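See below for coords08.tsv, which holds TSV, C-alpha atoms and all ligand atoms.
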```tsv
chain	number	residue	atom	x	y	z
A	182	MET	CA	77.80	-0.74	186.21
A	183	THR	CA	79.49	-2.50	183.30
A	184	PRO	CA	77.34	-4.73	181.05
A	185	ASN	CA	79.01	-7.79	182.62
A	186	ALA	CA	78.29	-6.53	186.16
A	187	ARG	CA	74.63	-6.21	185.17
A	188	VAL	CA	74.66	-9.88	184.14
A	189	ALA	CA	76.16	-10.77	187.54
A	190	ALA	CA	73.38	-8.77	189.27
A	191	ALA	CA	70.72	-10.53	187.16
A	192	ILE	CA	72.17	-13.90	188.20
A	193	ALA	CA	71.92	-12.98	191.90
A	194	ILE	CA	68.30	-11.83	191.48
A	195	LEU	CA	67.35	-14.89	189.43
A	196	ASP	CA	68.84	-17.14	192.14
A	197	ASP	CA	66.35	-15.52	194.48
A	198	VAL	CA	63.43	-15.96	192.04
A	199	LEU	CA	64.32	-19.59	191.28
A	200	ALA	CA	64.31	-20.22	195.04
A	201	GLY	CA	60.67	-19.06	195.11
A	202	ALA	CA	60.71	-15.26	195.52
A	203	PRO	CA	58.28	-13.26	193.36
A	204	ALA	CA	60.29	-11.43	190.66
A	205	GLU	CA	59.20	-7.92	191.72
A	206	GLN	CA	60.20	-8.60	195.34
A	207	ALA	CA	63.59	-9.99	194.36
A	208	LEU	CA	64.26	-6.95	192.17
A	209	LEU	CA	63.24	-4.58	194.94
A	210	ARG	CA	65.54	-6.33	197.41
A	211	TRP	CA	68.46	-6.02	195.00
A	212	SER	CA	67.60	-2.38	194.25
A	213	ARG	CA	67.59	-1.44	197.94
A	214	ALA	CA	70.94	-3.13	198.50
A	215	SER	CA	72.50	-1.55	195.38
A	216	ARG	CA	72.55	2.19	195.90
A	217	PHE	CA	75.47	2.39	193.41
A	218	ALA	CA	73.16	1.35	190.55
A	219	GLY	CA	71.82	4.22	188.42
A	220	SER	CA	68.40	4.27	186.75
A	221	GLY	CA	69.87	2.92	183.48
A	222	ASP	CA	71.46	0.03	185.38
A	223	ARG	CA	68.23	-0.78	187.19
A	224	ALA	CA	66.24	-0.80	183.94
A	225	ALA	CA	68.84	-2.99	182.20
A	226	VAL	CA	69.02	-5.48	185.08
A	227	ARG	CA	65.24	-5.63	185.24
A	228	ASP	CA	65.09	-6.37	181.50
A	229	LEU	CA	67.66	-9.16	181.87
A	230	VAL	CA	65.68	-10.76	184.71
A	231	PHE	CA	62.32	-10.53	182.95
A	232	ASP	CA	63.76	-11.72	179.62
A	233	ALA	CA	65.26	-14.71	181.43
A	234	LEU	CA	61.88	-15.58	182.94
A	235	ARG	CA	60.14	-15.20	179.59
A	236	ARG	CA	62.73	-17.46	177.92
A	237	ARG	CA	63.58	-19.63	180.90
A	238	GLY	CA	62.96	-22.96	179.16
A	239	SER	CA	64.88	-22.22	175.98
A	240	TRP	CA	67.74	-20.41	177.73
A	241	ALA	CA	68.10	-23.29	180.21
A	242	ALA	CA	68.38	-25.69	177.26
A	243	LEU	CA	70.90	-23.46	175.46
A	244	GLY	CA	72.83	-22.81	178.68
A	245	GLY	CA	72.96	-26.46	179.69
A	246	GLY	CA	71.14	-26.26	183.04
A	247	PRO	CA	68.22	-24.80	184.99
A	248	ASP	CA	70.16	-22.44	187.34
A	249	ALA	CA	70.56	-18.68	187.00
A	250	ARG	CA	74.10	-18.83	185.57
A	251	ALA	CA	72.97	-21.29	182.89
A	252	LEU	CA	70.09	-18.96	181.98
A	253	MET	CA	72.49	-16.09	181.37
A	254	ILE	CA	74.83	-18.41	179.43
A	255	GLY	CA	71.82	-19.42	177.34
A	256	ARG	CA	71.00	-15.77	176.68
A	257	LEU	CA	74.54	-15.02	175.53
A	258	ARG	CA	74.54	-18.05	173.26
A	259	GLU	CA	71.20	-17.02	171.74
A	260	GLU	CA	72.74	-13.61	171.01
A	261	GLY	CA	75.85	-15.16	169.52
A	262	ILE	CA	78.14	-13.85	172.31
A	263	ASP	CA	80.87	-16.09	173.74
A	264	PRO	CA	79.90	-16.65	177.43
A	265	ALA	CA	83.60	-16.85	178.36
A	266	ALA	CA	83.94	-13.16	177.43
A	267	VAL	CA	81.36	-12.22	180.08
A	268	PHE	CA	82.03	-14.82	182.79
A	269	THR	CA	85.61	-13.65	183.42
A	270	GLY	CA	85.67	-13.20	187.21
A	271	ALA	CA	87.38	-9.81	186.70
A	272	GLY	CA	85.99	-6.79	188.59
A	273	HIS	CA	82.25	-7.29	189.09
A	274	ASP	CA	81.91	-9.82	186.24
A	275	PRO	CA	80.30	-13.21	186.95
A	276	LEU	CA	82.76	-15.87	188.16
A	277	PRO	CA	84.59	-17.74	185.38
A	278	LEU	CA	82.87	-20.65	183.67
A	279	LEU	CA	83.37	-24.08	185.19
A	280	ASP	CA	84.47	-26.89	182.89
A	281	THR	CA	80.96	-28.32	183.07
A	282	GLU	CA	79.24	-25.04	182.14
A	283	GLY	CA	78.39	-23.52	178.80
A	284	TYR	CA	77.22	-26.59	176.93
A	285	GLY	CA	73.61	-27.10	175.94
A	286	ASP	CA	71.38	-27.31	172.87
A	287	ALA	CA	72.59	-25.50	169.81
A	288	THR	CA	69.22	-24.25	168.60
A	289	VAL	CA	66.38	-22.21	170.11
A	290	GLU	CA	63.06	-24.00	170.58
A	291	PRO	CA	60.32	-21.48	171.60
A	292	LEU	CA	57.94	-24.25	172.75
A	293	ARG	CA	60.32	-24.79	175.68
A	294	ASP	CA	59.14	-21.43	177.02
A	295	ILE	CA	55.69	-22.87	177.68
A	296	PRO	CA	55.47	-24.97	180.88
A	297	HIS	CA	55.79	-28.60	179.80
A	298	TRP	CA	52.49	-29.80	181.30
A	299	LEU	CA	50.56	-27.13	179.39
A	300	ILE	CA	51.86	-27.97	175.92
A	301	PRO	CA	49.27	-30.70	175.16
A	302	ILE	CA	46.49	-28.47	176.55
A	303	LEU	CA	47.55	-25.43	174.53
A	304	SER	CA	48.22	-27.51	171.39
A	305	ASN	CA	44.60	-28.55	171.57
A	306	ASP	CA	43.22	-25.12	172.56
A	307	LEU	CA	45.26	-22.92	170.23
A	308	ALA	CA	45.91	-25.37	167.38
A	309	ASP	CA	47.55	-23.35	164.58
A	310	ASP	CA	48.04	-20.34	166.87
A	311	LEU	CA	50.29	-22.24	169.30
A	312	GLU	CA	53.53	-21.42	167.50
A	313	ARG	CA	52.69	-17.71	167.30
A	314	PHE	CA	51.65	-17.71	170.97
A	315	SER	CA	54.87	-19.41	172.11
A	316	GLN	CA	56.90	-16.84	170.15
A	317	MET	CA	54.82	-13.95	171.49
A	318	ILE	CA	55.33	-14.80	175.17
A	319	ARG	CA	59.12	-14.84	174.67
A	320	ASP	CA	59.14	-11.12	173.81
A	321	ARG	CA	58.48	-7.94	175.76
A	322	ALA	CA	54.93	-6.65	175.55
A	323	PRO	CA	54.20	-3.49	173.57
A	324	VAL	CA	52.86	-0.49	175.49
A	325	TRP	CA	49.32	0.54	174.59
A	326	LEU	CA	47.42	3.59	175.82
A	327	ARG	CA	43.72	4.30	175.86
A	328	VAL	CA	42.74	7.86	175.00
A	329	ASN	CA	40.16	9.12	177.47
A	330	ALA	CA	37.51	10.87	175.34
A	331	ARG	CA	36.43	12.88	178.40
A	332	ARG	CA	39.81	14.67	178.35
A	333	GLY	CA	40.57	14.98	174.64
A	334	SER	CA	40.99	13.38	171.21
A	335	PRO	CA	43.59	10.89	169.94
A	336	THR	CA	45.23	13.74	167.97
A	337	GLU	CA	45.51	15.90	171.09
A	338	ALA	CA	46.87	12.94	173.01
A	339	THR	CA	49.61	12.09	170.49
A	340	ALA	CA	50.63	15.77	170.27
A	341	SER	CA	50.80	16.12	174.06
A	342	LEU	CA	52.80	12.89	174.40
A	343	ALA	CA	55.21	14.03	171.67
A	344	ARG	CA	55.91	17.25	173.61
A	345	ASP	CA	57.04	15.03	176.51
A	346	GLY	CA	59.23	12.80	174.34
A	347	VAL	CA	56.78	9.90	173.93
A	348	THR	CA	55.98	8.78	170.38
A	349	ALA	CA	52.65	7.00	169.94
A	350	SER	CA	50.48	6.14	166.98
A	351	ALA	CA	46.81	5.27	166.71
A	352	HIS	CA	45.55	1.81	165.75
A	353	ALA	CA	44.00	1.79	162.26
A	354	ASP	CA	40.68	0.24	163.37
A	355	TRP	CA	40.53	1.44	166.99
A	356	PRO	CA	41.76	5.06	166.87
A	357	SER	CA	41.42	5.62	170.62
A	358	ALA	CA	44.11	2.95	171.15
A	359	LEU	CA	47.65	4.34	170.82
A	360	GLU	CA	50.77	2.19	170.61
A	361	VAL	CA	53.85	3.73	172.17
A	362	THR	CA	56.76	3.25	169.79
A	363	ASP	CA	59.35	5.36	171.62
A	364	GLY	CA	59.86	6.85	175.08
A	365	ALA	CA	57.74	4.29	176.98
A	366	ARG	CA	59.83	4.76	180.13
A	367	ARG	CA	58.87	8.46	180.19
A	368	MET	CA	55.15	7.64	179.95
A	369	THR	CA	54.07	7.92	183.57
A	370	ARG	CA	55.65	11.41	183.85
A	371	ALA	CA	54.05	12.70	180.64
A	372	THR	CA	51.41	15.43	181.08
A	373	ALA	CA	48.85	13.46	179.06
A	374	TYR	CA	49.16	10.61	181.56
A	375	VAL	CA	49.32	12.74	184.70
A	376	GLU	CA	46.22	14.71	183.63
A	377	GLY	CA	44.16	11.64	182.65
A	378	LEU	CA	44.11	12.19	178.88
A	379	VAL	CA	45.60	8.70	178.45
A	380	GLU	CA	45.52	5.55	180.57
A	381	LEU	CA	47.79	2.53	180.29
A	382	GLN	CA	45.67	-0.31	178.91
A	383	ASP	CA	46.53	-3.08	176.50
A	384	LEU	CA	44.80	-3.08	173.11
A	385	SER	CA	42.88	-6.33	173.70
A	386	PRO	CA	40.86	-5.23	176.76
A	387	GLN	CA	40.24	-1.93	174.99
A	388	ILE	CA	38.70	-3.79	172.03
A	389	ALA	CA	36.62	-5.89	174.44
A	390	CYS	CA	35.29	-2.78	176.23
A	391	LEU	CA	34.60	-0.93	172.96
A	392	SER	CA	32.60	-3.93	171.72
A	393	LEU	CA	30.09	-3.84	174.58
A	394	PRO	CA	26.56	-2.45	174.12
A	395	LEU	CA	26.37	0.81	176.08
A	396	ALA	CA	24.04	3.82	176.06
A	397	ASP	CA	23.83	7.02	178.09
A	398	GLY	CA	21.88	6.41	181.29
A	399	ASP	CA	22.70	2.68	181.50
A	400	ARG	CA	23.24	1.18	184.93
A	401	VAL	CA	26.47	-0.85	184.76
A	402	LEU	CA	28.20	-3.12	187.27
A	403	ASP	CA	31.89	-4.05	187.08
A	404	TYR	CA	31.62	-7.18	189.23
A	405	CYS	CA	35.38	-7.93	189.51
A	406	ALA	CA	36.64	-4.36	189.30
A	407	GLY	CA	40.14	-4.68	190.81
A	408	GLY	CA	42.06	-1.54	189.86
A	409	GLY	CA	39.09	-0.48	187.71
A	410	GLY	CA	40.65	-0.65	184.22
A	411	LYS	CA	37.44	-1.90	182.58
A	412	ALA	CA	35.13	0.37	184.63
A	413	LEU	CA	37.13	3.44	183.59
A	414	ALA	CA	37.16	2.40	179.93
A	415	LEU	CA	33.37	2.01	179.98
A	416	ALA	CA	32.78	5.23	181.90
A	417	ALA	CA	34.77	7.10	179.25
A	418	ARG	CA	32.47	5.81	176.50
A	419	ALA	CA	29.05	7.02	177.67
A	420	ARG	CA	27.32	8.90	180.51
A	421	ILE	CA	26.61	5.74	182.49
A	422	ASP	CA	25.97	5.10	186.13
A	423	ILE	CA	28.78	2.65	186.88
A	424	GLU	CA	29.40	0.76	190.10
A	425	ALA	CA	32.59	-1.13	190.91
A	426	HIS	CA	32.57	-4.22	193.08
A	427	ASP	CA	35.32	-6.63	194.12
A	428	ALA	CA	35.46	-9.47	196.64
A	429	ASP	CA	38.67	-7.85	197.88
A	430	LEU	CA	37.79	-4.20	198.63
A	431	ASP	CA	41.44	-3.30	199.05
A	432	ARG	CA	42.04	-4.00	195.35
A	433	MET	CA	39.86	-0.98	194.55
A	434	ARG	CA	41.73	1.43	196.84
A	435	ASP	CA	43.29	3.43	193.96
A	436	LEU	CA	40.09	3.56	191.95
A	437	PRO	CA	38.63	6.83	193.34
A	438	ALA	CA	41.89	8.68	192.55
A	439	ARG	CA	42.11	7.12	189.07
A	440	ALA	CA	38.47	7.98	188.37
A	441	ALA	CA	39.00	11.58	189.51
A	442	ARG	CA	42.10	11.91	187.31
A	443	ALA	CA	40.10	10.60	184.34
A	444	GLY	CA	37.02	12.76	185.09
A	445	THR	CA	34.85	9.64	184.94
A	446	PRO	CA	32.84	8.97	188.10
A	447	VAL	CA	32.91	5.32	189.23
A	448	LYS	CA	31.19	4.36	192.46
A	449	PRO	CA	32.79	1.57	194.51
A	450	VAL	CA	30.14	-0.60	196.18
A	451	ASP	CA	30.40	-3.19	198.89
A	452	ARG	CA	27.31	-5.09	197.75
A	453	PRO	CA	25.70	-4.71	194.32
A	454	ASP	CA	22.06	-3.83	194.71
A	455	GLY	CA	19.25	-4.59	192.24
A	456	LEU	CA	19.57	-5.21	188.53
A	457	TYR	CA	21.85	-3.69	185.89
A	458	ASP	CA	21.70	-3.17	182.11
A	459	LEU	CA	25.23	-4.53	181.80
A	460	VAL	CA	27.34	-6.60	184.19
A	461	VAL	CA	31.03	-7.15	183.42
A	462	ALA	CA	32.75	-10.18	184.96
A	463	ASP	CA	36.49	-9.79	184.32
A	464	VAL	CA	37.28	-12.84	186.39
A	465	PRO	CA	40.50	-13.97	188.12
A	466	CYS	CA	42.33	-16.26	185.70
A	467	SER	CA	45.66	-17.90	184.92
A	468	GLY	CA	46.75	-14.73	183.10
A	469	SER	CA	48.20	-16.92	180.34
A	470	GLY	CA	47.41	-14.24	177.74
A	471	THR	CA	49.64	-11.77	179.60
A	472	TRP	CA	52.55	-14.04	180.47
A	473	ARG	CA	55.01	-11.83	178.57
A	474	ARG	CA	54.25	-9.15	181.21
A	475	THR	CA	54.30	-11.48	184.24
A	476	PRO	CA	56.58	-14.29	183.13
A	477	ASP	CA	57.18	-15.72	186.60
A	478	ALA	CA	53.41	-16.42	186.89
A	479	LYS	CA	53.78	-18.74	183.91
A	480	TRP	CA	56.14	-21.03	185.81
A	481	ARG	CA	54.07	-20.91	189.01
A	482	LEU	CA	50.79	-22.09	187.43
A	483	THR	CA	49.94	-25.73	188.23
A	484	SER	CA	47.10	-27.94	187.03
A	485	GLU	CA	45.66	-27.83	190.59
A	486	ARG	CA	45.64	-24.01	190.55
A	487	LEU	CA	44.04	-24.03	187.10
A	488	ALA	CA	41.26	-26.31	188.37
A	489	GLU	CA	40.69	-23.96	191.35
A	490	LEU	CA	40.46	-20.99	188.99
A	491	VAL	CA	37.92	-22.77	186.77
A	492	ALA	CA	35.78	-23.52	189.85
A	493	LEU	CA	36.01	-19.86	190.95
A	494	GLN	CA	35.15	-18.60	187.45
A	495	THR	CA	32.11	-20.92	187.33
A	496	ALA	CA	30.88	-19.52	190.64
A	497	ILE	CA	31.52	-15.87	189.75
A	498	VAL	CA	29.82	-15.97	186.37
A	499	SER	CA	26.70	-17.36	187.96
A	500	GLN	CA	26.72	-14.73	190.78
A	501	ALA	CA	27.31	-11.92	188.30
A	502	ALA	CA	24.50	-13.18	186.02
A	503	ASP	CA	21.95	-12.77	188.81
A	504	HIS	CA	22.52	-8.99	188.67
A	505	VAL	CA	21.59	-8.67	184.97
A	506	ARG	CA	18.11	-7.30	184.26
A	507	PRO	CA	15.85	-9.18	181.82
A	508	GLY	CA	16.97	-8.10	178.33
A	509	GLY	CA	20.31	-6.87	179.73
A	510	HIS	CA	23.83	-8.16	179.03
A	511	LEU	CA	26.55	-10.08	180.82
A	512	ALA	CA	30.14	-9.70	179.59
A	513	TYR	CA	32.58	-12.46	180.57
A	514	MET	CA	36.28	-11.68	180.20
A	515	THR	CA	39.62	-13.31	180.97
A	516	CYS	CA	43.21	-12.51	180.02
A	517	SER	CA	43.72	-16.20	179.36
A	518	VAL	CA	44.08	-18.31	176.22
A	519	ILE	CA	43.21	-21.59	177.98
A	520	ARG	CA	39.90	-22.93	176.69
A	521	ALA	CA	38.77	-24.35	180.05
A	522	GLU	CA	38.72	-20.77	181.43
A	523	ASN	CA	37.01	-19.34	178.35
A	524	ASP	CA	34.64	-21.32	176.12
A	525	GLY	CA	34.56	-24.00	178.82
A	526	ILE	CA	33.00	-21.62	181.35
A	527	VAL	CA	30.65	-20.02	178.82
A	528	ASP	CA	29.40	-23.35	177.48
A	529	GLN	CA	28.84	-24.74	180.95
A	530	PHE	CA	26.97	-21.56	181.95
A	531	LEU	CA	24.74	-21.66	178.86
A	532	ASP	CA	23.94	-25.33	179.53
A	533	ALA	CA	22.91	-24.48	183.09
A	534	ARG	CA	20.98	-21.26	182.35
A	535	ASP	CA	18.26	-21.19	179.73
A	536	ASP	CA	17.56	-17.55	180.61
A	537	PHE	CA	20.77	-16.47	178.78
A	538	THR	CA	21.76	-16.66	175.11
A	539	LEU	CA	25.14	-16.13	173.50
A	540	VAL	CA	25.59	-12.92	171.49
A	541	SER	CA	29.28	-13.25	170.62
A	542	ARG	CA	32.61	-14.61	171.80
A	543	ASP	CA	36.16	-14.06	170.63
A	544	LEU	CA	39.73	-14.86	171.62
A	545	LEU	CA	41.97	-11.90	170.82
A	546	LEU	CA	45.61	-12.51	169.90
A	547	PRO	CA	48.01	-10.63	167.64
A	548	PRO	CA	47.54	-9.37	164.96
A	549	LYS	CA	43.83	-8.77	165.74
A	550	GLY	CA	44.57	-7.87	169.37
A	551	SER	CA	47.66	-7.58	171.53
A	552	ASP	CA	47.69	-9.64	174.77
A	553	GLY	CA	45.75	-12.90	174.69
A	554	PHE	CA	42.25	-11.96	175.87
A	555	PHE	CA	38.88	-13.72	175.76
A	556	HIS	CA	35.53	-11.92	175.81
A	557	ALA	CA	32.02	-13.26	175.50
A	558	LEU	CA	28.74	-11.36	175.51
A	559	LEU	CA	25.55	-13.01	176.77
A	560	ARG	CA	22.05	-11.61	176.83
A	561	ARG	CA	19.39	-12.33	179.42
A	562	THR	CA	16.05	-13.13	177.84
A	563	GLU	CA	13.20	-10.61	178.32
A	564	ASP	CA	11.35	-13.10	180.54
A	565	GLY	CA	14.56	-14.29	182.27
C	601	LIG	C1	41.28	-9.99	186.59
C	601	LIG	S1	41.11	-9.14	188.07
C	601	LIG	C2	40.16	-7.74	187.61
C	601	LIG	C3	40.91	-6.68	186.86
C	601	LIG	C4	40.12	-5.42	186.65
C	601	LIG	N1	38.81	-5.67	186.07
C	601	LIG	C5	40.84	-4.39	185.81
C	601	LIG	O1	40.48	-4.16	184.65
C	601	LIG	O2	41.81	-3.80	186.31
C	601	LIG	C6	39.94	-10.12	188.95
C	601	LIG	C7	39.42	-9.52	190.23
C	601	LIG	O3	38.38	-10.39	190.71
C	601	LIG	C8	38.34	-10.27	192.11
C	601	LIG	N2	37.58	-11.42	192.67
C	601	LIG	C9	38.01	-12.64	193.05
C	601	LIG	N3	36.98	-13.40	193.47
C	601	LIG	C10	35.87	-12.65	193.34
C	601	LIG	C11	34.49	-12.89	193.61
C	601	LIG	N4	34.06	-14.06	194.09
C	601	LIG	N5	33.63	-11.88	193.38
C	601	LIG	C12	34.05	-10.69	192.89
C	601	LIG	N6	35.35	-10.41	192.61
C	601	LIG	C13	36.24	-11.38	192.82
C	601	LIG	C14	39.79	-10.23	192.52
C	601	LIG	O4	39.95	-9.64	193.79
C	601	LIG	C15	40.41	-9.39	191.36
C	601	LIG	O5	40.54	-8.04	191.73
```
As structure tokens, the full file:
Amino acid sequence: MTPNARVAAAIAILDDVLAGAPAEQALLRWSRASRFAGSGDRAAVRDLVFDALRRRGSWAALGGGPDARALMIGRLREEGIDPAAVFTGAGHDPLPLLDTEGYGDATVEPLRDIPHWLIPILSNDLADDLERFSQMIRDRAPVWLRVNARRGSPTEATASLARDGVTASAHADWPSALEVTDGARRMTRATAYVEGLVELQDLSPQIACLSLPLADGDRVLDYCAGGGGKALALAARARIDIEAHDADLDRMRDLPARAARAGTPVKPVDRPDGLYDLVVADVPCSGSGTWRRTPDAKWRLTSERLAELVALQTAIVSQAADHVRPGGHLAYMTCSVIRAENDGIVDQFLDARDDFTLVSRDLLLPPKGSDGFFHALLRRTEDG
């Protein structure tokens, strides 16, 4: 495919997404119908679609309209390329520009890439960090790996990755976190990944898991385990007895295979039983801290959905707390930067429960972390 034909493909896929299709589904539909497209074409078209969703507000303004063609016009204008050179109608190029197309704002305004209704909320919640956050969610996310100490050291991991064409370097303060600087698309075929020496996990949840109190022999419950990312990170740290629970059992279907690959036993449980030294509640959330990875979710969030999530988080934290032994810990986590889902839930919980005290809380963002991620640690009193 020519570069211009890739733009035409991105427009067709974005039409589908703007009509309500989830981005991954729309891409899959296009992929299946486009046998002529090679792997390079597929990756390039995917990047165009995801970049357009990350920058939908600013590209719409630059491109002079909210539709898929305007988004691609906006992209070209941001890159200093004349849209008329791409929208030629020749071969598989997008159809020529209409007289009414191609005119919009002249300058990029990153705040437009935050849904309008959330700007006052995030201005209040993030204050001085808002500008950095709005810039961050316009760009592709870096790829971070967690070295699984059960399988080897960070040095062994970087050497193994290098043999498979993946360049990664360790974080200065958290050496078991490696940032992939080259060859990310080869990652999932690399021996280190296939054999469980490294796992894909963003830096921020890695920091949150490394910050938790953990000792050999501890009984630990991952209350919202999903795919088991946090459970596996904890199981790699110490010889713990870890159980994984999720309201939706199907979400944990890959966990036994992942745990076997990592050499870290994790036991899925239907119903948590008894009390635990540590309970992790990595609750469902808006995902606002990870919007650069799932940019269509950003445009789907509504204030009604946010209120539902806050109600769910309030209920889950209280259920999870009941499984903490006296003197044990409860870790509350979200990949959100919205205060109502973070400090709001923790404060409300502490007001309602005098058997818990706050140990620490932190909102991770670059440069301290990577994705936006909130984690709070609470301790149950000895007589709680
Ligand atoms: C943010 S995801 C967890 C991600 C996971 N911890 C990981 O690291 O891969 C939240 C999970 O909470 C689960 N969930 C939703 N409501 C729940 C509830 N009432 N009790 C327990 N889990 C719940 C969802 O099914 C979802 O898998």
ask   = Quick one: of A:Val188, A:Leu299, A:Leu391, A:Ala204, who's nearest to Ile254 in chain A, counting all atoms listed in the file?
value =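 Counting all atoms listed in the file, the residue closest to Ile254 in chain A is A:Val188.
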ask   = Do you know which residues are at most 12 Å from Gly410 in chain A counting only C-alpha atoms, after dropping those on the same chain fewer than 5 positions away, and could you put them as a list in words?
value =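 Skipping anything fewer than 5 positions along the chain leaves Leu326, Arg327, Asn329, Glu380, Leu381, Gln382, Asp383, Pro386, Gln387, Ala389, Cys390, Asp403, Cys405, Leu415, Ala416, Ala417, Ala425, Arg432, Met433, Asp435, Leu436, Pro437, Arg439, Ala440, Ala443, Thr445, Val447, Val461 and Asp463 of chain A.
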message = Could you list the protein, DNA and RNA residues that have any atom within 9 Å of ligand LIG 601 (chain C), counting only C-alpha atoms and all ligand atoms, and write them as a ChimeraX atom specification?
response = /A:382,386,403-414,426-433,461-466,468,493-494,496-498,500-501,514-516
ask   = Which is closest to Asp196 in chain A among A:Leu209, A:Trp472, A:Leu252, A:Trp240, if we use all atoms listed in the file?
value = A:Leu252
query = Can you list, as an MDAnalysis selection string, every protein, DNA or RNA residue that comes within 7 Å of Leu384 in chain A when you count all atoms listed in the file, leaving out same-chain residues fewer than 5 positions away?
reply = chainID A and resid 325 358 550:551
At a cut-off of 10 Å, using all atoms listed in the file, what residues contact Ser341 in chain A? Leave out same-chain residues fewer than 5 positions from it and give the result as a PDB file with C-alpha atoms, in the frame of the given file.
```
ATOM      1  CA  PRO A 335      43.590  10.890 169.940  1.00  0.00           C
ATOM      2  CA  THR A 336      45.230  13.740 167.970  1.00  0.00           C
ATOM      3  CA  GLY A 346      59.230  12.800 174.340  1.00  0.00           C
ATOM      4  CA  VAL A 347      56.780   9.900 173.930  1.00  0.00           C
ATOM      5  CA  THR A 348      55.980   8.780 170.380  1.00  0.00           C
ATOM      6  CA  ALA A 371      54.050  12.700 180.640  1.00  0.00           C
ATOM      7  CA  THR A 372      51.410  15.430 181.080  1.00  0.00           C
ATOM      8  CA  ALA A 373      48.850  13.460 179.060  1.00  0.00           C
ATOM      9  CA  TYR A 374      49.160  10.610 181.560  1.00  0.00           C
ATOM     10  CA  LEU A 378      44.110  12.190 178.880  1.00  0.00           C
TER      11      LEU A 378
END
```
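The closest residue to Asp280 in chain A, picked from A:Leu402, A:Phe530, A:Gly245, A:Leu559 and counting only C-alpha atoms, is A:Gly245.
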key: Pick from A:Leu482, A:Ala189, A:Ala512, A:Ala241 nearest to Pro277 in chain A, counting all atoms listed in the file   = A:Ala189
query = In Å, how far is it from CA of Ala419 in chain A to CA of Asp397 in chain A?
reply =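 Separating CA of Ala419 in chain A from CA of Asp397 in chain A is a distance of 5.2 Å.
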inquiry  = Calculated over all atoms listed in the file, which of the candidates A:Glu259, A:Glu522, A:Asp286, A:Glu205 has the smallest distance to Ile302 in chain A?
reply    =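 Selected residue with least distance to Ile302 in chain A: A:Glu522.
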query = Could you work out how far CA of Gly261 in chain A lies from CA of Ala193 in chain A, giving the answer in Å with one decimal?
reply =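 Going from CA of Ala193 in chain A over to CA of Gly261 in chain A, I get 22.8 Å.
Residues in contact with Asp458 in chain A at up to 9 Å, not including ones fewer than 5 positions away on its chain and judged by only C-alpha atoms, are Leu395, Asp399, Arg400, Val401, Leu402, His504, Val505, Arg506, Pro507, Gly508, Gly509, His510 and Leu511 of chain A.
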Selected residue, from A:His273, A:Arg235, A:Arg486, A:His297, that lies nearest to Gln316 in chain A when counting all atoms listed in the file = A:Arg235
